[in-house]
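Undergrad: The structure follows.
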Amino acid sequence: MIGRDEIQRILALAQEACPADENQVSLTAYDLALTRFSQNRIHQNVAETDATLEIKAIVGKKIGYASTNKLDEQSVRETAATALEFARLAVENPDYVRLPGPNTNASDAAQWDDAVANCTPDQRADLVGEVIARAKKEDVKAGGSLSTMGVEHAVQNSRGARSYYRNTSSHFVVATNKDTGWARAERHSPWLEDLGVSGAGKEAVDRCLAGQNPKAIEPGEYPVVLLPYAVEDMIGSLVWMGVSALAVQEHRSWMCDRLGQQVVCPEVSIWDDARDPRGFVRPFDAEGVASQRVDIITDGVAKGPVYDSFTAHKEGKASTGHAVSALGSWGPWPRNLVMKPGDATVEELVKKMGRGVLVTYFHYTNKINPIETTFTGMTRDGTFWVEDGEIKYPLKNMRFTQSILGALNNVGGIGRQLYRFSGILCPALYLEKFNFTGVTDF
Amino acid sequence: MYKLLEVALDAAKSAGAGYADGRLILRRSQSVAVKNGAIDALAEDSEQGFGIRVLADGAWGFAASRELTEAEAARVGREAVAIAKASARFKDKDVVLSPREPAVAEWTAPCKIDPFTVPIKQKVELLMETDSKMVGIEKVVVRECSVDAYRYEQWYADTDGARIHQTKVESGSDVSAIAADGGEMQNRNYPEDWKQAGWEYIEEVDLPGNAERVAREAVELLTAQHCPADVRTLIIKGPMLALQLHESCGHPIELDRVLGMEASYAGTSFLTPEKLDNFTYGSPHVNIVADATTPGGLGTFAYDDEGVPSQCTKIVDEGKFVGYLSSRETAPVIGRTSSGAMRGDGWSRLPIIRMTNINLLPGDSSLDDLIKGTDKGLVVEGVKSWSIDDRRLNFQFACQYGRLIENGELGAVVKDSTYTGRTPDFWGNCDGVAGPSEWRIWGVPNCGKGEPGQTGHVGHGVSHARFRNVRVGVTEEKR
């Protein structure tokens, strides 16, 4: 890690070296370590340290951008000069107004764990080894990864914005296989002690053992219970299809012409809140603007997208603190979604469904029609047939082709436990209708 | 630059490494983009760093840093060994590498006009001209175009004595249009391609000459009929066929996937080792190679990131499955030597098995003949979306632009064209491939794989191909 004082010294140098009408400078530095295992052995094991300095120069309404990971004075000055040169060579962007002003809300974050930041290769091996031992005991093959990361992020601009935070994150995923059974589980946390490696290992081993000799069922419309892993994928796909103001402004979002309308069941509420301590806190965005809670769907009604300063200015609004890069081409993005939980356990959802399909994971989902929110993908790593409210037998994986809003219009129940993923807190869901369009060999 | 790598390798050996290799990389990228007549991006990135991979106690360790000092090189070398020793606590046996001669070599990819020397003003003017061709076309709500340049210079050294310096330049460009009306949205883009080449490639692509067509086709799709839901003959053109090849052949032949090394993330493969030389992947029309020597391909190089020379490996020979993409560690498992497919995404990421240029060799037909020989069909182009299961069997793709075929003639334009299938059945139903005059290499600069995530630059040489009995229009079945 570089440290707050050194980062702010480098940013001050970059600002001084970039005498544009306005400038924005940011620096993200990280140390990442990842231990990867396969077939009950560690096969890849890596560590890296890197940083990116980004400089945005604005001359009138002309914008230039340059970035580097070289942080010596000469490189910083050269990068600043490139950004300034590019700004002078650009053509005016009539939609540009100004950079965000000073922001007093941005502050240090509390999510820092020395145990994550200082986790050694041997400590990671110990945690992975525990899962391997459990798998071996059941004659199961386990693979996956355990990663630990410390990040520092700082943004400053010529209008006086000055923000810094650091955080840690740890992630564990385990996939298991024995004969014809496959399973997977994952955990994510800012704190190593809270990560739950052992629990994930037990979950994946148990589900793998339960997944032997899967049967095929005919494609068609079935009720489903989606575990949080699949829900995370589905809500993520809904975001890809347009929860950004840029997507709405460019007519490629499902929100177009639907704002204020009832789009899904009233039981469904989804919002973005980067300050919710249950998730990975992100106190400010890539422009240094304080992250705000944004209601996306409230009681089934489409409320609105997230904004960065550029898209906000276009509509005469204020940024909601959702810029994801200094460059801005991607537009704003919600990275801390929360789906309102219900009051049921997964077992209760399965019992309520009675007859249908229990899906653990989706795989390789992709949008087909963002306006209709149609997406396709496969089930993976634990699909089961449910009858009389009980899991009866494992199923071969199936392809689905389904409108997400359509699925959320048929919610039969919502889980009460929120699972923490990197970008979302979400529960399990019981959906009364889900359209499977194919089946695969396994 | 070799000096710094040698400091790291020496430190690794002193710390207990039995073998070590390292790569020091300088990368530079530049992007100029115009959206709706205004600059959307005028950006440049430059980075440097080195990564050291070691074998200690029979297991792998890897460490990387952006700081190019000898002190940091020594620290990183030692860190990689410490990591390897932790790996060794959970190994089943020592890693064994297939042999190769340590090379000392220099290689620079062909590039006529260095794209970084082309004035920004010229690039902006090209894009503004491109944009102007789409202005005023009714119902076009977003106009975008861009040119990108990428330079990659790598020094490789290992404890066997190899010293390899390679430099390549890649260029890419795109023009796209989104049309919207009455709750409907459609998009088209061109050329969906990158090339290992310089600015001369951007001039060949002719963005201004294609911009109006792209925009008008996006508008045309708004009122086009939906792709029918039935089973018919499918003809896949250029970039869409490249993607089909990428997903249903390129990934399942990666031997690390086959051996379960990617199981927890991208998945495994249906092409398990017992199928090698013993499985019908496709019809006799299907001939596929992994060729790291194809001129202009994004998967072209002289040596891979283990110092193995570039090769052309037969993958599918007249429909029979005969080869894998492999590495020095994985090849011995199937009794072969490395096919030279190890590449890392920059200095900070461990080399893993990546596609080189996965090429469907040309047949003896033509697009015209393929269409003429089709009674009831659909011809598709333009990548819209893709999805395939974790063993690469069941897939479903969506295409931007479709045309129906009736009695050997092109008919109505259709939108939301989707098709689905099972990989060996689908390629088994291939009954025609267009010839060499319609064959070219396409570049994919964004292939994702690995943990931490890596982006690979790969190539696919294809012409056009025809497939019988394909289920199309999946999204229409419940409409």
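Residue numbering restarts at 1 in every chain; chains get A, B, ... in the order shown in the structure tokens, and ligands count up from 1 in that same order.
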Determine which residues of chain A sit within 6 Å of chain B, taking into account only C-alpha atoms, and present them as a VMD selection string.
TA: chain A and resid 38 41 to 42 45 to 50 64 to 69 93 121 to 122 143 to 144 175 364 377 to 378 440
Undergrad: So which residues touch Val346 in chain A within 8 Å, counting only C-alpha atoms, skipping near sequence neighbours fewer than 2 positions away, as a ChimeraX atom specification?
TA: /A:227,344,348-350,415,428
Undergrad: Set the distance at 10 Å and use only C-alpha atoms: which residues neighbour Lys61 in chain A once local chain neighbours fewer than 5 positions away are removed? I'd like the list as a PyMOL selection string.
TA: chain A and resi 21-22+87-88+90-98
Undergrad: Would you write out those residues with N, CA and C atoms, as a tab-separated table (two decimals), in the first residue's frame?
TA:
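Okay, result25.tsv is ready:
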chain	number	residue	atom	x	y	z
A	21	ASP	N	-8.21	24.37	-17.48
A	21	ASP	CA	-9.26	25.15	-16.82
A	21	ASP	C	-9.78	24.42	-15.58
A	22	GLU	N	-9.94	23.11	-15.75
A	22	GLU	CA	-10.30	22.26	-14.61
A	22	GLU	C	-9.47	20.98	-14.71
A	87	ALA	N	-6.75	17.34	-24.25
A	87	ALA	CA	-7.88	18.28	-24.04
A	87	ALA	C	-7.83	19.40	-25.07
A	88	ARG	N	-6.64	19.86	-25.33
A	88	ARG	CA	-6.51	20.96	-26.31
A	88	ARG	C	-6.83	20.49	-27.73
A	90	ALA	N	-8.99	18.05	-28.47
A	90	ALA	CA	-10.35	17.52	-28.56
A	90	ALA	C	-11.30	18.54	-29.18
A	91	VAL	N	-12.47	18.07	-29.54
A	91	VAL	CA	-13.52	19.00	-29.93
A	91	VAL	C	-14.46	19.17	-28.72
A	92	GLU	N	-15.17	20.25	-28.71
A	92	GLU	CA	-16.00	20.56	-27.54
A	92	GLU	C	-17.11	19.53	-27.37
A	93	ASN	N	-17.37	19.22	-26.12
A	93	ASN	CA	-18.52	18.39	-25.80
A	93	ASN	C	-19.59	19.31	-25.21
A	94	PRO	N	-20.64	19.61	-26.00
A	94	PRO	CA	-21.62	20.61	-25.55
A	94	PRO	C	-22.37	20.19	-24.29
A	95	ASP	N	-22.39	18.89	-23.99
A	95	ASP	CA	-23.12	18.42	-22.81
A	95	ASP	C	-22.30	18.53	-21.52
A	96	TYR	N	-21.01	18.84	-21.66
A	96	TYR	CA	-20.20	18.96	-20.45
A	96	TYR	C	-20.51	20.27	-19.74
A	97	VAL	N	-20.68	20.22	-18.43
A	97	VAL	CA	-20.95	21.44	-17.66
A	97	VAL	C	-19.75	21.78	-16.78
A	98	ARG	N	-19.49	20.97	-15.76
A	98	ARG	CA	-18.34	21.22	-14.89
A	98	ARG	C	-18.10	19.99	-14.03
Undergrad: Would you give me, as a PyMOL selection string, the residues in range 143-303 of chain A that DSSP reads as helix (DSSP H, G or I)?
TA: chain A and resi 197-210+228-240+245-249
Undergrad: Next, the residues of the selection above should be written as an mmCIF file, in the first residue's frame with N, CA and C atoms.
TA:
data_model
loop_
_atom_site.group_PDB
_atom_site.id
_atom_site.type_symbol
_atom_site.label_atom_id
_atom_site.label_comp_id
_atom_site.auth_asym_id
_atom_site.auth_seq_id
_atom_site.Cartn_x
_atom_site.Cartn_y
_atom_site.Cartn_z
ATOM 1 N N VAL A 197 -15.118 -19.475 5.214
ATOM 2 C CA VAL A 197 -14.549 -20.455 4.281
ATOM 3 C C VAL A 197 -15.055 -21.860 4.587
ATOM 4 N N SER A 198 -15.040 -22.203 5.847
ATOM 5 C CA SER A 198 -15.421 -23.563 6.246
ATOM 6 C C SER A 198 -16.884 -23.860 5.886
ATOM 7 N N GLY A 199 -17.749 -22.895 6.166
ATOM 8 C CA GLY A 199 -19.175 -23.071 5.854
ATOM 9 C C GLY A 199 -19.412 -23.254 4.367
ATOM 10 N N ALA A 200 -18.683 -22.492 3.565
ATOM 11 C CA ALA A 200 -18.825 -22.637 2.113
ATOM 12 C C ALA A 200 -18.360 -24.017 1.674
ATOM 13 N N GLY A 201 -17.257 -24.481 2.263
ATOM 14 C CA GLY A 201 -16.749 -25.805 1.925
ATOM 15 C C GLY A 201 -17.761 -26.896 2.255
ATOM 16 N N LYS A 202 -18.359 -26.799 3.423
ATOM 17 C CA LYS A 202 -19.353 -27.812 3.819
ATOM 18 C C LYS A 202 -20.562 -27.769 2.873
ATOM 19 N N GLU A 203 -20.995 -26.554 2.568
ATOM 20 C CA GLU A 203 -22.153 -26.416 1.673
ATOM 21 C C GLU A 203 -21.873 -27.067 0.311
ATOM 22 N N ALA A 204 -20.681 -26.793 -0.227
ATOM 23 C CA ALA A 204 -20.361 -27.318 -1.569
ATOM 24 C C ALA A 204 -20.185 -28.833 -1.551
ATOM 25 N N VAL A 205 -19.591 -29.358 -0.512
ATOM 26 C CA VAL A 205 -19.414 -30.817 -0.426
ATOM 27 C C VAL A 205 -20.773 -31.495 -0.272
ATOM 28 N N ASP A 206 -21.601 -30.983 0.630
ATOM 29 C CA ASP A 206 -22.912 -31.601 0.862
ATOM 30 C C ASP A 206 -23.767 -31.572 -0.404
ATOM 31 N N ARG A 207 -23.772 -30.443 -1.089
ATOM 32 C CA ARG A 207 -24.621 -30.324 -2.291
ATOM 33 C C ARG A 207 -24.095 -31.230 -3.408
ATOM 34 N N CYS A 208 -22.784 -31.370 -3.490
ATOM 35 C CA CYS A 208 -22.188 -32.258 -4.494
ATOM 36 C C CYS A 208 -22.614 -33.698 -4.249
ATOM 37 N N LEU A 209 -22.590 -34.109 -2.995
ATOM 38 C CA LEU A 209 -22.989 -35.488 -2.672
ATOM 39 C C LEU A 209 -24.468 -35.712 -2.976
ATOM 40 N N ALA A 210 -25.257 -34.657 -2.822
ATOM 41 C CA ALA A 210 -26.698 -34.767 -3.097
ATOM 42 C C ALA A 210 -27.004 -34.715 -4.590
ATOM 43 N N PRO A 228 -29.679 -17.492 -3.487
ATOM 44 C CA PRO A 228 -29.129 -16.129 -3.682
ATOM 45 C C PRO A 228 -28.062 -16.037 -4.756
ATOM 46 N N TYR A 229 -27.307 -17.132 -4.981
ATOM 47 C CA TYR A 229 -26.277 -17.092 -6.041
ATOM 48 C C TYR A 229 -26.922 -16.809 -7.403
ATOM 49 N N ALA A 230 -28.047 -17.453 -7.675
ATOM 50 C CA ALA A 230 -28.732 -17.230 -8.954
ATOM 51 C C ALA A 230 -29.418 -15.864 -8.974
ATOM 52 N N VAL A 231 -29.944 -15.450 -7.832
ATOM 53 C CA VAL A 231 -30.607 -14.134 -7.769
ATOM 54 C C VAL A 231 -29.584 -13.030 -8.041
ATOM 55 N N GLU A 232 -28.400 -13.188 -7.482
ATOM 56 C CA GLU A 232 -27.342 -12.180 -7.706
ATOM 57 C C GLU A 232 -27.074 -12.020 -9.197
ATOM 58 N N ASP A 233 -27.027 -13.144 -9.913
ATOM 59 C CA ASP A 233 -26.775 -13.114 -11.354
ATOM 60 C C ASP A 233 -27.932 -12.430 -12.084
ATOM 61 N N MET A 234 -29.152 -12.761 -11.691
ATOM 62 C CA MET A 234 -30.317 -12.203 -12.380
ATOM 63 C C MET A 234 -30.437 -10.689 -12.147
ATOM 64 N N ILE A 235 -30.233 -10.255 -10.915
ATOM 65 C CA ILE A 235 -30.328 -8.813 -10.644
ATOM 66 C C ILE A 235 -29.167 -8.086 -11.328
ATOM 67 N N GLY A 236 -28.009 -8.736 -11.362
ATOM 68 C CA GLY A 236 -26.881 -8.153 -12.096
ATOM 69 C C GLY A 236 -27.206 -7.978 -13.570
ATOM 70 N N SER A 237 -27.921 -8.937 -14.136
ATOM 71 C CA SER A 237 -28.319 -8.826 -15.544
ATOM 72 C C SER A 237 -29.307 -7.683 -15.749
ATOM 73 N N LEU A 238 -30.189 -7.492 -14.771
ATOM 74 C CA LEU A 238 -31.143 -6.379 -14.862
ATOM 75 C C LEU A 238 -30.397 -5.040 -14.869
ATOM 76 N N VAL A 239 -29.323 -4.982 -14.098
ATOM 77 C CA VAL A 239 -28.486 -3.769 -14.090
ATOM 78 C C VAL A 239 -27.849 -3.559 -15.453
ATOM 79 N N TRP A 240 -27.313 -4.635 -16.037
ATOM 80 C CA TRP A 240 -26.691 -4.522 -17.364
ATOM 81 C C TRP A 240 -27.688 -4.021 -18.405
ATOM 82 N N ALA A 245 -28.187 5.980 -15.806
ATOM 83 C CA ALA A 245 -28.820 7.115 -16.486
ATOM 84 C C ALA A 245 -28.369 7.212 -17.939
ATOM 85 N N LEU A 246 -27.136 6.810 -18.217
ATOM 86 C CA LEU A 246 -26.654 6.874 -19.599
ATOM 87 C C LEU A 246 -27.472 5.929 -20.484
ATOM 88 N N ALA A 247 -27.761 4.732 -19.984
ATOM 89 C CA ALA A 247 -28.565 3.779 -20.761
ATOM 90 C C ALA A 247 -29.969 4.333 -20.999
ATOM 91 N N VAL A 248 -30.514 4.981 -20.001
ATOM 92 C CA VAL A 248 -31.857 5.563 -20.166
ATOM 93 C C VAL A 248 -31.804 6.692 -21.199
ATOM 94 N N GLN A 249 -30.797 7.546 -21.066
ATOM 95 C CA GLN A 249 -30.683 8.674 -22.002
ATOM 96 C C GLN A 249 -30.437 8.204 -23.435
#
Undergrad: List as a PyMOL selection string the protein and nucleic acid residues near Lys396 in chain A, meaning an atom at most 10 Å away when only C-alpha atoms are counted, but skip any in the same chain fewer than 4 places from it.
TA: chain A and resi 180-181+211+213-217+379-385+439-442
Undergrad: With only C-alpha atoms as the counted atoms, please give the residues lying no more than 9 Å from Arg100 in chain B, apart from itself and same-chain residues fewer than 4 positions off, as a list of chain:residue names.
TA: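 My list of contacting residues is B:Gly307, B:Val308, B:Pro309, B:Arg328, B:Thr337, B:Ser338.
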Undergrad: Produce a file of the selected residues containing C-alpha atoms, as a CSV table (one decimal), in the first residue's frame.
TA:
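What follows is the written file out-v2.csv:
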chain,number,residue,atom,x,y,z
B,307,GLY,CA,9.4,-19.5,-24.2
B,308,VAL,CA,7.8,-22.2,-26.4
B,309,PRO,CA,7.9,-21.4,-30.2
B,328,ARG,CA,4.5,-27.2,-20.6
B,337,THR,CA,4.6,-31.6,-25.7
B,338,SER,CA,3.4,-28.0,-25.2
Undergrad: Report the distance between CA of Ala218 in chain B and CA of Lys415 in chain B in Å, rounded to one decimal place.
TA: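 One can read the CA of Ala218 in chain B to CA of Lys415 in chain B distance as 9.7 Å.
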Undergrad: If I take CA of Thr28 in chain A and CA of His153 in chain A, how far is one from the other in Å, to one decimal?
TA: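 Result for CA of Thr28 in chain A versus CA of His153 in chain A: 4.5 Å, one decimal.
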Undergrad: Using only C-alpha atoms, find the one residue out of B:Arg216, B:Asn189, B:Ala103, B:Asp206 that sits nearest to Arg163 in chain B.
TA: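 Ranked by minimum distance to Arg163 in chain B, first place goes to B:Ala103.
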Undergrad: Using backbone DSSP assignments, extract all strand (DSSP E or B) residues from range 212-413 of chain B; output them as a PyMOL selection string.
TA: chain B and resi 225-226+230-236+254+280+288-291+303+309+312-317+320-321+325+342-343+352-353+357-360+365+376-388+394-406+409-413
Undergrad: For Trp254 in chain A, list every protein, DNA or RNA residue within 9 Å, evaluated using only C-alpha atoms, and leave out those in the same chain fewer than 2 positions away; present the list as a list in words.
TA: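 Those residues are Leu238, Met241, Gly242, Val243, Ala247, Val248, His251, Arg252, Cys256, Asp257, Arg258, Pro370, Ile371, Glu372 and Thr373 of chain A.
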Undergrad: Would you kindly return, as a list in words, each protein, DNA or RNA residue with an atom no farther than 12 Å from any atom of Ser366 in chain B, considering only C-alpha atoms and excluding same-chain residues fewer than 2 positions away?
TA: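 In the requested form, the answer reads Ile235, Lys237, Pro362, Gly363, Asp364, Asp368, Asp369, Leu370, Ile371, Lys372, Gly373, Gly432, Val433, Ala434, Gly435, Pro436, Ser437, Glu438, Trp439, Ser463, His464, Ala465 and Arg466 of chain B.
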Undergrad: Any chance you could export the current selection's C-alpha atoms as a tab-separated table (two decimals), in the first residue's frame?
TA:
chain	number	residue	atom	x	y	z
B	235	ILE	CA	-25.77	-19.67	-42.56
B	237	LYS	CA	-21.25	-14.96	-41.62
B	362	PRO	CA	-11.79	-22.52	-45.75
B	363	GLY	CA	-13.89	-25.01	-47.72
B	364	ASP	CA	-14.74	-25.10	-51.38
B	368	ASP	CA	-23.63	-17.26	-52.80
B	369	ASP	CA	-23.58	-21.02	-53.33
B	370	LEU	CA	-24.43	-21.70	-49.70
B	371	ILE	CA	-27.50	-19.47	-50.04
B	372	LYS	CA	-28.48	-20.92	-53.41
B	373	GLY	CA	-28.36	-24.41	-51.93
B	432	GLY	CA	-20.58	-26.28	-46.38
B	433	VAL	CA	-17.82	-23.76	-45.75
B	434	ALA	CA	-17.01	-20.85	-48.04
B	435	GLY	CA	-13.63	-20.83	-49.74
B	436	PRO	CA	-10.31	-19.01	-49.35
B	437	SER	CA	-11.41	-15.84	-51.14
B	438	GLU	CA	-13.97	-15.17	-48.40
B	439	TRP	CA	-11.73	-16.28	-45.52
B	463	SER	CA	-15.19	-17.49	-43.98
B	464	HIS	CA	-18.92	-18.36	-43.84
B	465	ALA	CA	-20.49	-21.71	-43.02
B	466	ARG	CA	-23.83	-23.49	-43.33
